[in-house]
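Participant: I have a structure here, written as structure tokens, and I will follow up with some questions on it.
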Amino acid sequence: MDQAQELMGIARELGRDRFLPRASAFDRAGEFPTANYEDLADAGFLGLTIPKRYGGLGADFATYAAVSAELGSWCGATALTFNMHTSSMLWSGSLADDLPMQDAERAQHERNRSQIYAGVIEQGHIFAQPFSEPNSAAAAGKAPFGTVAERVDGGFLVSGRKHFASLSGHANYYGVLCTLATEGEANVTDTVYLAVPGDADGFSISGEWDVLGMRATVSRNLAFDKVFVPDTAELLPFGYYYQAARDWPHMFITLCPTYMGIARAAFGFTCNYLRGEEPGGPPRGSSADSPFKQVAVAQMRIKLEQAEALFRRAISEARYQPSQDDRLRAYATQYTVMEYANDLAREAIRICGGRSIFKAMRLERLYRDSRCGSLMLPWTPDICIERLGKESLRPDRGNRP
Ligand SMILES: Cc1cc2nc3c(=O)[nH]c(=O)nc-3n(C[C@H](O)[C@H](O)[C@H](O)COP(=O)(O)OP(=O)(O)OC[C@H]3O[C@@H](n4cnc5c(N)ncnc54)[C@H](O)[C@@H]3O)c2cc1C
């Protein structure tokens, strides 16, 4: 068995035996799945993509995507928040290795990340990834971040606001994107990527998180009032986040695996339910033999296979400076997986019928959680469609985040 299969097997066992039984209670209470994170830490998964030389499991992008999709089919909120943590490790890890840095920058980055990774591996530190800002096009990649980092002796003073910060109050560090304060006009290339400690002076969390779906992500508002962050907490050297976002665009499909898992779960639920094998569901009835149900299930399967095929292809094409076609296919993948996941969950409810919508069963949660996927920046369906249309008709446009 290769490492990827072994890790998938562990993810399946964790999901099936622990995360699924807990998912409903976390969802109803809108409570962060701390117990799941203890299990992820015990399995070494907090260091899933941290290179082996730092004590991590050294999984590559494709292995991470496969593991994340597996987790997503059992508990969407755990998979989505785990993505925020793991993406923070990927930006600073294998992605950074692909970027052409000066020797001094590389050496400093090496020192910074070895400390950061030691905290994850030895002390179980969890990272959030709060990029989004209210009333700003920054998370969509169209404007500089409004959160500002002012250079001071030994580090930065961070001021600003973020919203929808998954893992709020539960992360040890918040990987915050800021614009370096300069005399001139703010520019997207001047992005600083900093790990802000959750207990730093001047840092606060506010707002309710009482929402439709993905309730256990606890994605609240963050405020930074001159929070001091040392130089050593830079997750990438100055200016390299912009390059990474531009040259490693597949990083933005790391949200997809969660929703691919949800799509699989909605299909699996439907089959089990009609076969009379879903725990808490009705026994097999005549509907499983109805040609109408069978056609509907076949159509669900076709949609799922379409999403799977595109997903697997896009994941296999993820690399530094992909071709324009590969990048456009990544937009198409994000659109397809995000939209189909909710289509499949909605179809599943229609096909299974009234007894499938009780909270005792997981389908209604899959439906609500899947509805939240297409809301997530930077690659919402609107933005994917916009880029696909524009760039397909202007193939000389070049790479962009
Ligand atoms: C469950 C959940 C968890 C989340 N967790 C995180 C997290 O951990 N970290 C994080 O950074 N964010 C997170 N987000 C936030 C997410 O990425 C978006 O920032 C958030 O949903 C924006 O909502 P909004 O209504 O303010 O969107 P707006 O920014 O008002 O956008 C509304 C719509 O307009 C379109 N739009 C927006 N800007 C542009 C543009 N410039 N050009 C064209 N179209 C545009 C988009 O299609 C978008 O759907 C999370 C969101 C959800 C739903």
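Chain identifiers are assigned as A, B, and so on, following the order in which chains appear in the structure tokens; residues are numbered from 1 within each chain, and ligands are numbered from 1 in order of appearance.
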Can you pull out every residue with an atom within 8 Å of ligand 1? Use only C-alpha atoms and all ligand atoms and format it as JSON, numbers by chain.

Facilitator: {"A": [77, 80, 81, 84, 128, 129, 130, 131, 132, 133, 134, 135, 136, 137, 138, 139, 140, 141, 142, 162, 163, 164, 165, 166, 167, 213, 214, 215, 217, 218, 219, 369, 372, 373, 374, 375, 376, 377, 378, 379, 380, 381, 382, 383, 386]}

Participant: Could you build a table of the residues in range 224-283 of chain A lying no more than 9 Å from range 327-332 of chain A, giving for each the nearest pair of atoms and their separation in Å rounded to one decimal place, using only C-alpha atoms, ordered by chain and ascending residue number, as JSON lines?

Facilitator:
{"residue": "A:Pro249", "atom": "CA", "partner": "A:Arg327", "partner_atom": "CA", "distance": 6.9}
{"residue": "A:His250", "atom": "CA", "partner": "A:Ala330", "partner_atom": "CA", "distance": 6.5}
{"residue": "A:Phe252", "atom": "CA", "partner": "A:Ala330", "partner_atom": "CA", "distance": 8.7}
{"residue": "A:Ile253", "atom": "CA", "partner": "A:Ala330", "partner_atom": "CA", "distance": 7.0}

Participant: Mind checking which residues fall within 6 Å of range 229-237 of chain A, counting only C-alpha atoms, ignoring those fewer than 2 positions away in the same chain, and posting them as JSON, numbers by chain?

Facilitator: {"A": [92, 112, 154, 155, 156, 193, 194, 195, 240]}

Participant: Enumerate as a ChimeraX atom specification all residues of range 84-298 of chain A assigned to helix (DSSP H, G or I) by DSSP on the backbone, naming them with the chain letters and numbers the document uses.

Facilitator: /A:84-98,103-123,188-190,215-217,231-233,240-247,249-253,256-274,286-289,291-298

Participant: Excluding Gly47 in chain A and its own-chain neighbours fewer than 5 positions away, which residues fall within 10 Å of it when counting only C-alpha atoms? Please give them as number ranges by chain.

Facilitator: A: 40-41, 52, 54-59, 85-86, 89, 117-118, 120-122, 124-126

Participant: Considering only C-alpha atoms, state which residue in the set A:Phe224, A:Ala298, A:Ser206, A:Gly353 is at the smallest distance from Val176 in chain A.

Facilitator: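 Smallest separation from Val176 in chain A among the options: A:Phe224.
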
Participant: What's around range 310-323 of chain A at 9 Å? Count only C-alpha atoms, leave out sequence neighbours fewer than 6 positions away in its own chain, and write the answer as a list in words.

Facilitator: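 Those residues are Phe61, Ala62, Ala65, Leu95, Asp98, Leu99, Ala244, Arg246, Asp247, Trp248, Pro249, His250, Met251, Ile253, Cys256, Pro257, Met260, Arg329, Ala330, Ala332, Thr333, Gln334, Thr336, Val337 and Asn399 of chain A.
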
Participant: Residues within 6 Å of range 18-33 of chain A, please, as a short mmCIF file (atom, residue, chain, number, x, y, z; two decimals) with N, CA and C atoms, in the first residue's frame. Count only C-alpha atoms; anything in the same chain fewer than 5 positions from it doesn't count.

Facilitator:
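Writing done, so here's around.cif:
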data_model
loop_
_atom_site.label_atom_id
_atom_site.label_comp_id
_atom_site.auth_asym_id
_atom_site.auth_seq_id
_atom_site.Cartn_x
_atom_site.Cartn_y
_atom_site.Cartn_z
N TRP A 74 -17.60 12.86 5.31
CA TRP A 74 -18.10 12.50 6.65
C TRP A 74 -18.50 13.72 7.45
N CYS A 75 -17.69 14.79 7.39
CA CYS A 75 -18.03 16.02 8.12
C CYS A 75 -17.49 17.22 7.34
N ARG A 215 -21.90 25.17 9.85
CA ARG A 215 -22.07 25.87 11.13
C ARG A 215 -20.89 25.61 12.09
N ALA A 216 -20.30 24.42 11.99
CA ALA A 216 -19.22 24.10 12.92
C ALA A 216 -17.88 24.71 12.50
#

Participant: Can you pull out the residues contacting Tyr242 in chain A? Cut-off 9 Å, using only C-alpha atoms, and skip same-chain residues under 3 positions away; I want them as a list in words.

Facilitator: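 My reading of the contact set: Val188, Thr189, Asp190, Thr191, Val192, Gly239, Ala245, Arg246, Asp247 and Pro401 of chain A.
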
Participant: Output the selection as an mmCIF file, in the first residue's frame - C-alpha atoms for each residue.

Facilitator:
data_model
loop_
_atom_site.group_PDB
_atom_site.id
_atom_site.type_symbol
_atom_site.label_atom_id
_atom_site.label_comp_id
_atom_site.auth_asym_id
_atom_site.auth_seq_id
_atom_site.Cartn_x
_atom_site.Cartn_y
_atom_site.Cartn_z
ATOM 1 C CA VAL A 188 -1.563 44.012 -4.590
ATOM 2 C CA THR A 189 2.107 43.065 -4.987
ATOM 3 C CA ASP A 190 2.903 44.533 -1.535
ATOM 4 C CA THR A 191 1.227 41.709 0.370
ATOM 5 C CA VAL A 192 2.629 40.488 3.676
ATOM 6 C CA GLY A 239 5.913 39.971 -1.891
ATOM 7 C CA ALA A 245 -1.181 33.204 -5.909
ATOM 8 C CA ARG A 246 -0.309 34.112 -9.496
ATOM 9 C CA ASP A 247 1.960 31.171 -10.289
ATOM 10 C CA PRO A 401 -4.160 34.916 -9.621
#

Participant: Rank A:Asp225, A:Asp289, A:Asp343, A:Glu183 by their smallest atom-to-atom distance to Thr147 in chain A, using only C-alpha atoms, and report the top residue only.

Facilitator: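 Using only C-alpha atoms, the shortest distance to Thr147 in chain A belongs to A:Asp225.
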
Participant: Taking only C-alpha atoms into account, name the residue in A:Cys178, A:Ile351, A:Ile262, A:Ile302 that is nearest to Gly76 in chain A.

Facilitator: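 Closest residue, counting only C-alpha atoms: A:Ile262.
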
Participant: Under the rule that only C-alpha atoms are counted, which of A:Arg264, A:Lys226, A:His109, A:Arg220 is the nearest residue to Val158 in chain A?

Facilitator: A:Lys226

Participant: What does the distance between CA of Phe127 in chain A and CA of Tyr174 in chain A come to in Å, to one decimal place?

Facilitator: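 Going from CA of Phe127 in chain A over to CA of Tyr174 in chain A covers 5.7 Å.
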